[in-house]
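What follows is a single structure, written as C-alpha cells, with notes after it.
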There are 2 protein chains.
Amino acid sequence: MSGAEAGVSAQLPSLDAEENERFSSLALFLVLFLLIGSFLTSYYLRVRRITAVHETIVGLFAGMFVGIVLRIGPLRPVREMLGFSNVIMMNVLLPPIILASGYHLRQAKFFRNFGTILSFALAGTFISAVVIGVIVWIGSFLHIERARLSLLDCLIFGSTLSATDPVTILAIFTSYKVDPQLYSIIFGESILNDAVSIVMFETLLHLRNQTITLWSIFYGFGFFALVFSFSVMLGVVFGLACSLTLKHSHLGSYPELESCIVILIAYSSYFFSNAVQMSGIVSLLFCGITLKHYAHGNMSFHTQRTTKAIFQTLASLSENFIFIYLGLSLFTGAKHEYMPMLIIFTLVAVVVSRYCAVFPIAYLLNRFAQFRARRRQRGAGAGVPVAAYELSHEYQLMLFWAGLRGAVGFALSAGIQGENASMLQTTVLVTVVLTVIVFGGTTAQMLDILHIQTGVDDDEDDVSAAGDEEAPDTQPWMYNDVRPPAIFPADDRYRDMSTELSVRQADENEVLPDAAGPVAFDASVELADDDASTESRSVRMLDTANLIFKDGEWFQRIDERYLLPMFSNTVANRKREQRKEARRAVSHEQEPNTPRSSSPKDKAH
Amino acid sequence: MSGAEAGVSAQLPSLDAEENERFSSLALFLVLFLLIGSFLTSYYLRVRRITAVHETIVGLFAGMFVGIVLRIGPLRPVREMLGFSNVIMMNVLLPPIILASGYHLRQAKFFRNFGTILSFALAGTFISAVVIGVIVWIGSFLHIERARLSLLDCLIFGSTLSATDPVTILAIFTSYKVDPQLYSIIFGESILNDAVSIVMFETLLHLRNQTITLWSIFYGFGFFALVFSFSVMLGVVFGLACSLTLKHSHLGSYPELESCIVILIAYSSYFFSNAVQMSGIVSLLFCGITLKHYAHGNMSFHTQRTTKAIFQTLASLSENFIFIYLGLSLFTGAKHEYMPMLIIFTLVAVVVSRYCAVFPIAYLLNRFAQFRARRRQRGAGAGVPVAAYELSHEYQLMLFWAGLRGAVGFALSAGIQGENASMLQTTVLVTVVLTVIVFGGTTAQMLDILHIQTGVDDDEDDVSAAGDEEAPDTQPWMYNDVRPPAIFPADDRYRDMSTELSVRQADENEVLPDAAGPVAFDASVELADDDASTESRSVRMLDTANLIFKDGEWFQRIDERYLLPMFSNTVANRKREQRKEARRAVSHEQEPNTPRSSSPKDKAH
C-alpha cells in the first residue's frame with residue numbers, strides 16, 4: 001500500500017500532477033503488459049514442454065528489451081518511473097514471496113534437514129560475504145579500477161552478494177520435481193540466507209560509522225544474533241497471536257473477515273518488525289511458518305483455501321515481476337556506472353565464494369554424519385554403509401550451481417552509502433543478472449549432467465493438495481511425511497504411520513537406535529482410560545516419531561504436549577476423535593487392532 | 001504496486017533514508033493494526049447482532065481517534081505519511097472495489113433496471129453537480145466566507161460532491177438482505193455515478209483553462225460523452241480479449257497462470273484507460289462486467305474460485321481501509337482550512353441537490369412507466385394496476401437517504417486547482433464524513449421506518465453461491481433470474497425456465513404482450529436435426545426471455561446468437577450437451593417431454 005511511496009516522485013519535479021498521473025499509469029500499464037507477456041510465454045513454454053529456457057530468464061530479457069526501447073525512445077518520464085526502487089522491492093514485491101515461502105514450506109522436510117540448512121545459511125552466507133569482500137578488496141588494492149574501497153565497504157558489498165536467489169532455481173526445481181531432500185536443502189538455504197544476508201548487511205552498515213576495533217567484531221556478531229533471534233521471535237509471536245485469535249473466537253463463521261485478518265496479521269509482523277528496526281523478512285518468514293503450523297488448523301475451510309490462493313497468486317505475480325524489474329533496471333536507472341573490470345572481478349569472487357562456502361561445509365557435515373553413523377552402528381550393531389548419511393558429490397555440485405544471486409541482493413545494494421555507491425550498485429545489478437542467466441539458464445542441463453533424480457512425486461505435497469480439495473486440513477503433521485486427511489479416526493492414523501514407518505526404514509536403509517521395529521498400538525486397552533491413555537499414547541507416538549526426526553526431538557516433545565494444545569485446535573480435535581473412536585470400539589466390540597495395508601495416500605483419493 | 005508513488009516522500013526532505021523507512025513501516029503497521037481492529041469490531045458487531053452501528057462508521061471513528069493521537073503526539077513524520085494521497089486512493093484502494101463491484105454485479109437485476117439506473121446515474125449526477133455548484137456560488141456571492149468563487153469552480157466543487165458512496169450503504173443493504181430491486185437500483189446508481197462524476201469533474205477541469213462560451217457547454221457535453229463511451233469500450237475490449245485468450249488456449253490446465261492473467265488483464269484496462277486519458281474507473285467497471293459475462297465460463301474451476309476470493313478479499317480490505325483513511329485525514333492533513341459557514345452551506349446544498357435529483361427523475365420515470373403500461377394494457381387487454389410499474393414513494397425516500405457522499409468525492413477533490421483549493425478540499429472531506437455518519441448511521445432505522453422489505457433471499461445470489469461450491473459455473477444467465485448449475489442437460493433447463501416463468505408472471509402480475517403463456521418445448525422433435533434445431537430453439541428461447549427482460553432485447557438477441565458463441569465456451573457447452581441429450585433420448589426411447597415440477601433451485605442443493 002502506501003509503503004510504495006518515497007520512490008519516484010522526487011525525481012519528477014518538472015511534471016504537473018495530471019501529466020505525472022498519466023505517465024505513471026502508462027508505466028504501470030507497461031509493467032502489467034510485460035507481466036501478461038511473461039505469463040503467456042510461461043504457458044507456451046509449458047505447453048510445448050520447452051525446458052531449455054526458463055520463464056524468469058524470459059522475463060529478464062523482456063524487461064531488458066523494454067528498458068532499451070525506453071532508453072532510446074521518447075518516453076523519458078516513464079523510464080524514470082520504472083527505475084528500480086528498493087522501497088517497492090522490499091515493501092511490495094518481496095513480502096508476498098517470503099510469506100508464501102514460509103506458508104507453503106514443507107515443514108517435515110525443512111525441519112528434518114534443519115541442521116544442514118542452518119549450516120549453509122549461517123556459515124555459508126558468512127563465508128560468502130567475507131570471501132567476496134576480501135577478493136574485491138584485493139582487486140581494489142591492485143587498482144583494477146580508479147575507485148579505492150575500504151575493507152568494510154567491500155564486506156558490505158560482499159554481504160549484498162551473499163544471498164542466493166530463492167525464485168529461479170526453485171521454480172525450475174518445482175517444475176522438474178527434483179528429489180525432495182535436495183529441494184528442501186536448497187530451498188531452506190536460499191530462503192534463510194536472504195534473511196541472514198539482510199541482517200549481516202545492516203550490522204555492517206552500523207559498524208560503518210564507528211571506528212573499527214576488535215570489539216567491533218564481537219559487537220557485530222552480538223548485534224547479528226540479537227536482531228536475528230528477536231526477529232524470529234516477533235514473527236512467531238504474531239503467528240501465535242493469530243492462532244489464539246482464531247482459536248478463541250468463531251471467526252470461521254465469517255470467512256471473509258477471517259481471511260482478511262490472517263493476511264493483515266501476517267503483514268503486520270513484517271511492518272512492525274521493520275518499525276522496531278528488526279528484520280521484517282525474517283519475522284515474516286517465521287510468521288508464515290507459525291501460521292501454517294498452528295493457525296492453519298484453526299481456520300475455516302474457506303479461509304484455508306482463500307489464504308492459500310491469495311498467497312500463491314501474489315507470490316507468483318511478484319516473482320515474475322521481480323525479474324522483469326531487474327531487466328528494466330539495467331537500462332532505466334538514471335545513474336549507472338559500469339566498471340567492466342570490477343564486474344569481472346566480482347563475478348569471479350562470487351563463483352569462488354560459493355565454492356568456499358559449499359564444499360568445506362559439506363565436507364564437515366559429511367564428517368559429522370559419518371561420526372554419528374559410526375556411533376550408531378556401535379549402538380545398534382546393524383551394518384549400514386556410511387555413505388547413506390552423506391551429502392553426495394552430485395548434491396554438492398548442484399548446491400554450488402544453485403548459488404545464483406537474486407533480486408534481494410540488488411534491493412539491499414540500494415542501501416550502500418558513500419561515494420562509490422552507484423558504482424557498486426551497478427556492479428551488483430550486473431552480477432545478479434549474469435548469474436541468473438548463466439546458472440539459472442543451465443540448471444536444467446546441470447540436473448541432467450549430474451544424474452540427479454527428477455520427476456519425484458512428493459508425498460507431503462500430494463496428500464496435502466488432495467486434502468485441500470476434499471476436506472479441511474486440520475492436522476499440522478509437521479514431523480513426519482505421513483499426512484493423512486483429518487477425516488480419519490485417530491487410531492487408523494497411528495497405525496498407518498507405523499506401517500509407513502517400516503516402509504520408510506526399508507527405503508532409506510537407516511538404522512534407528514531407539515526402536516526395534518514399528519510399534520503396534522493396542523488401542524482397545526489404551527482408550528479405556530481417557531486422558532491418561534492419551535498421554536501415554538502421545539509419548540509413545542513421540543518415540544515413534546523420533547525414529548524419523550533426528551534434529552529437534554526436544555521441540556517436538558514440547559510442541560505436541562504443550563504448544564499445539566494451547567495454540568491450535570488440532571490436539572483438541574484429535575482427543576475428541578479418540579474418545580469417539582473409543583466409544584465406537586466399546587459399543588461395537590470390534591477388534592481395532594487388525595493390521596491394514598492401505599497407505600493414507602490411497603485413502604486420500 | 002508502484003502506482004502508490006508520488007504521494008508523500010516530497011514532504012519529508014529532512015529525514016534520511018533509514019529513518020524514512022522506519023517511520024513508513026510504523027505508519028503501515030498502524031494502518032494494518034487499525035484494519036485488524038476494524039475487522040474484529042465488525043466480527044463483534046455481527047456476533048452480538050448489533051445493527052445500530054455499522055463497521056464503516058466504526059472505522060471512520062477509529063481513524064479519527066488515531067488521527068487525533070498522532071496530531072497531539074510526538075510522531076509528526078508518521079502523521080505526515082498518513083496524510084491523504086489521492087494517488088493511493090485512485091490507484092490502490094479504489095480499483096479493487098470497482099473491479100469487485102463489476103465482477104460480482106448481479107447482471108440480471110442490473111440490466112433489468114438499466115433504464116432506471118442510467119437515468120439516476122446520468123441525469124441525477126448532472127443535476128446534483130449543478131444544484132450544489134449553484135447554491136455554493138450563491139453563497140459565495142452572499143459573502144458567507146472571505147473567499148470568492150467563480151461559477152466554474154463551484155461546478156467543479158459540485159461535481160466532486162455529486163458521487164454517492166457505493167460502500168457503506170451497500171454493506172448495510174447486503175447485511176439486511178434488502179429487497180433486491182431496490183438494492184440493484186441503488187447499487188447501480190452509486191457505482192455508475194462515481195464514474196459519471198469523475199468524467200464530469202475532468203471535463204470541467206478542461207474547461208477551466210479556456211474562455212467559457214456557449215460553445216464550451218456543447219464541447220463539455222461532447223467531451224463527456226466521448227470519454228464515457230470510449231472508456232466503456234476500452235473496458236469491454238479488454239474483457240473480451242481476456243475471454244478470447246482463455247477460450248483459444250488451454251490455460252485452464254495451469255490455473256495459477258490463468259488466475260494471474262485474468263487479474264492482470266483487469267488491472268491493465270484500468271491503467272491503459274488512465275494512460276490514454278480516459279476514465280480508468282469506468283473501464284474497470286465494464287471490464288469486470290464483461291469478464292464475468294464472457295470470460296467466467298471459459299475459466300477453470302480453480303480460477304473461478306481464486307479470482308472470486310481475491311477480488312472479494314482485496315475489495316473488503318480496501319473498503320475498510322478507505323473509511324479509516326478518511327477518518328485519519330481529518331486530522332493528519334497538513335493544510336486543512338476549516339470554513340464553518342461554507343461547510344454548513346455545502347451540507348444544505350448536498351441535501352437539496354439530492355432532493356432535486358431523486359424526486360423529479362422518479363416522477364418522470366413513473367410517468368413513463370404509466371404511459372408504457374397503458375399502451376400495453378391496450379395491446380394485451382388484461383387489467384393490471386398501473387402502480388405495479390412505479391417506483392414507490394418509500395423507494396424514492398430510500399433513494400434520497402442513500403445519497404451519502406463517499407471517498408471517491410474526496411479523492412477527486414485532491415485535483416481541485418486554484419487558490420481556494422485547500423479550503424474546498426477540507427469542505428469536501430468534512431461533508432463526506434458528516435453524510436456518512438448521519439445518513440450511513442441511520443440507514444438501518446430508515447429501512448425500518450419506511451417498512452422496506454428486508455431479509456429477502458436473492459435467488460440469483462443463492463444459486464450462484466451454491467453452484468460455486470459444487471460445480472464450475474459456466475452459464476452466464478444474465479437475462480433471467482433462473483440460474484441453474486451447468487451440470488443439468490439443456491432440456492431440463494429450458495423446461496424449468498418456462499415453469500419458473502409462469503410462476504414469475506403470477507408473482508409480478510405483469511401483462512406480457514408477445515406471448516400467451518409459458519412455452520413448452522418438444523425436445524424430441526427439435527433435437528433430431530442438429531444445428532438448425534439449436535437455432536430455432538434459441539430464437540424461441542429469446543422470445544421467452546423477452547417476457548421478463550424489457551429493456552435490452554436487441555442486445556440479448558445479438559449476444560445469444562453471435563457474441564456468446566464467439567467469446568465464451570458457454571454456447572459450445574450448451575450445444576454439446578444438447579447433442580449428448582439427443583443421443584441419449586434416441587437410444588433410450590424415452591419421452592423427454594414429461595413435465596417436471598422441481599425448480600432449478602431444488603436441484604442445486
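To be explicit about the labels: the chains of the C-alpha cells are called A, B, and onward in the order shown, and within each one the residues are counted from 1, while ligands get numbers from 1 in the order they are shown.
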
Please run DSSP on the backbone and report, as a PyMOL selection string, all residues within region 241-458 of chain B that come out as helix (DSSP H, G or I).
chain B and resi 241-247+251-253+255-275+280-298+301-332+340-380+386-389+393-401+407-413+421-449

Residue neighbourhood Gln312 (chain A), 9 Å, only C-alpha atoms, exclusion window fewer than 2 positions, as a ChimeraX atom specification
/A:96-97,100,104,307-310,314-317 /B:256

Hey, can you spit out that residue selection with C-alpha atoms as a PDB file, in the first residue's frame?
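The result, stored in again38.pdb:
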```
ATOM      1  CA  PRO A  96       4.405 -11.927  -0.728  1.00  0.00           C
ATOM      2  CA  ILE A  97       7.235 -14.211  -1.844  1.00  0.00           C
ATOM      3  CA  ALA A 100       4.281 -17.711   0.612  1.00  0.00           C
ATOM      4  CA  HIS A 104       3.948 -23.340   1.831  1.00  0.00           C
ATOM      5  CA  THR A 307      -5.332 -17.600   2.043  1.00  0.00           C
ATOM      6  CA  LYS A 308      -3.547 -20.296   0.077  1.00  0.00           C
ATOM      7  CA  ALA A 309      -4.856 -18.948  -3.234  1.00  0.00           C
ATOM      8  CA  ILE A 310      -4.055 -15.342  -2.362  1.00  0.00           C
ATOM      9  CA  LEU A 314       0.539 -12.683  -5.121  1.00  0.00           C
ATOM     10  CA  ALA A 315       3.838 -14.535  -4.804  1.00  0.00           C
ATOM     11  CA  SER A 316       3.740 -15.671  -8.370  1.00  0.00           C
ATOM     12  CA  LEU A 317       2.941 -12.138  -9.594  1.00  0.00           C
TER      13      LEU A 317
ATOM     14  CA  GLU B 256      -2.079 -20.467 -11.204  1.00  0.00           C
TER      15      GLU B 256
END
```

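With CA of Val350 (chain B) on one side and CA of Trp215 (chain B) on the other, the separation reads 28.5 Å.
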
Using only C-alpha atoms, which residue out of B:Gln556, B:Ser353, B:Ser85, B:Thr174 lies closest to chain A?
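Checking each candidate against chain A, we get B:Ser85 as the closest.
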
Give me, as an NGL selection string, all polymer residues having an atom no more than 7 Å from Phe567 (chain B), counting only C-alpha atoms and skipping those fewer than 5 positions away in the same chain.
:B and (240 or 243-244 or 294)

Distance CA of Thr427 (chain A)-CA of Glu337 (chain A), one decimal place?
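Taking CA of Thr427 (chain A) as the start and CA of Glu337 (chain A) as the end point, the length is 8.1 Å.
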
What separation in Å, quoted to one decimal, exists between CA of Phe410 (chain B) and CA of Arg22 (chain A)?
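Interatomic distance, CA of Phe410 (chain B) to CA of Arg22 (chain A): 19.7 Å.
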
If we count only C-alpha atoms and set the cut-off at 10 Å, which residues sit around Leu118 (chain B), ignoring sequence neighbours fewer than 4 positions away in its own chain? Please answer as number ranges by chain.
B: 113-114, 122-124, 185, 188-189, 192-193

Please produce an output containing N, CA and C atoms for each residue in the selection, written as an mmCIF file, in the first residue's frame.
```cif
data_model
loop_
_atom_site.group_PDB
_atom_site.id
_atom_site.type_symbol
_atom_site.label_atom_id
_atom_site.label_comp_id
_atom_site.auth_asym_id
_atom_site.auth_seq_id
_atom_site.Cartn_x
_atom_site.Cartn_y
_atom_site.Cartn_z
ATOM 1 N N ASN B 113 -32.994 -3.303 -14.597
ATOM 2 C CA ASN B 113 -33.287 -1.937 -14.166
ATOM 3 C C ASN B 113 -32.372 -0.916 -14.828
ATOM 4 N N PHE B 114 -31.807 -1.297 -15.968
ATOM 5 C CA PHE B 114 -30.768 -0.470 -16.559
ATOM 6 C C PHE B 114 -31.262 0.942 -16.882
ATOM 7 N N LEU B 122 -26.899 9.272 -14.762
ATOM 8 C CA LEU B 122 -26.511 10.356 -15.675
ATOM 9 C C LEU B 122 -27.209 11.660 -15.295
ATOM 10 N N ALA B 123 -28.543 11.680 -15.397
ATOM 11 C CA ALA B 123 -29.274 12.918 -15.122
ATOM 12 C C ALA B 123 -29.119 13.304 -13.658
ATOM 13 N N GLY B 124 -29.227 12.338 -12.769
ATOM 14 C CA GLY B 124 -29.147 12.623 -11.336
ATOM 15 C C GLY B 124 -27.828 13.257 -10.949
ATOM 16 N N ILE B 185 -30.983 -1.010 -7.865
ATOM 17 C CA ILE B 185 -31.069 0.373 -8.351
ATOM 18 C C ILE B 185 -30.051 1.247 -7.622
ATOM 19 N N GLY B 188 -26.471 0.152 -8.604
ATOM 20 C CA GLY B 188 -26.151 0.571 -9.972
ATOM 21 C C GLY B 188 -25.935 2.069 -10.041
ATOM 22 N N GLU B 189 -26.824 2.815 -9.358
ATOM 23 C CA GLU B 189 -26.688 4.266 -9.397
ATOM 24 C C GLU B 189 -25.355 4.692 -8.793
ATOM 25 N N LEU B 192 -22.287 3.689 -10.987
ATOM 26 C CA LEU B 192 -22.169 4.442 -12.233
ATOM 27 C C LEU B 192 -21.961 5.922 -11.967
ATOM 28 N N ASN B 193 -22.549 6.440 -10.889
ATOM 29 C CA ASN B 193 -22.391 7.886 -10.730
ATOM 30 C C ASN B 193 -21.017 8.274 -10.199
#
```

Might you pull out every residue within 8 Å of Leu204 (chain B), with only C-alpha atoms counted and same-chain residues fewer than 5 positions away left off, and present them as a PyMOL selection string?
chain B and resi 152+155-156+220

Given the selection you just returned, output its residues as a file containing N, CA and C atoms, formatted as a PDB file, in the first residue's frame.
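Now in again_39.pdb:
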```
ATOM      1  N   LEU B 152     -17.591  28.353 -12.377  1.00  0.00           N
ATOM      2  CA  LEU B 152     -16.965  27.101 -12.828  1.00  0.00           C
ATOM      3  C   LEU B 152     -16.327  26.358 -11.666  1.00  0.00           C
ATOM      4  N   LEU B 155     -18.961  24.686  -9.838  1.00  0.00           N
ATOM      5  CA  LEU B 155     -19.445  23.478 -10.525  1.00  0.00           C
ATOM      6  C   LEU B 155     -18.459  22.328 -10.356  1.00  0.00           C
ATOM      7  N   ILE B 156     -17.168  22.648 -10.422  1.00  0.00           N
ATOM      8  CA  ILE B 156     -16.156  21.618 -10.202  1.00  0.00           C
ATOM      9  C   ILE B 156     -16.310  21.039  -8.797  1.00  0.00           C
ATOM     10  N   GLY B 220     -18.289  20.580 -23.683  1.00  0.00           N
ATOM     11  CA  GLY B 220     -18.305  19.812 -22.436  1.00  0.00           C
ATOM     12  C   GLY B 220     -19.122  18.544 -22.574  1.00  0.00           C
TER      13      GLY B 220
END
```

Near-region 135-143 of chain A list (7 Å; only C-alpha atoms; drop same-chain fewer than 6 positions) as a short mmCIF file (atom, residue, chain, number, x, y, z; two decimals) with C-alpha atoms, in the first residue's frame:
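Contents of result-v1.cif, freshly written:
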```cif
data_model
loop_
_atom_site.label_atom_id
_atom_site.label_comp_id
_atom_site.auth_asym_id
_atom_site.auth_seq_id
_atom_site.Cartn_x
_atom_site.Cartn_y
_atom_site.Cartn_z
CA LEU A 149 37.39 0.75 -1.44
CA LEU A 151 37.67 -3.36 3.62
CA CYS A 154 34.00 -4.43 0.44
CA PHE A 345 36.41 -9.46 -10.59
CA THR A 346 33.11 -9.65 -8.74
CA ALA A 349 34.65 -13.63 -6.49
#
```

Within 9 Å of Ala266 (chain A), counting only C-alpha atoms, which residues qualify if same-chain residues fewer than 4 places away don't, as a PyMOL selection string?
chain A and resi 99+235+238-239+242+261-262+270+284+287-288+291
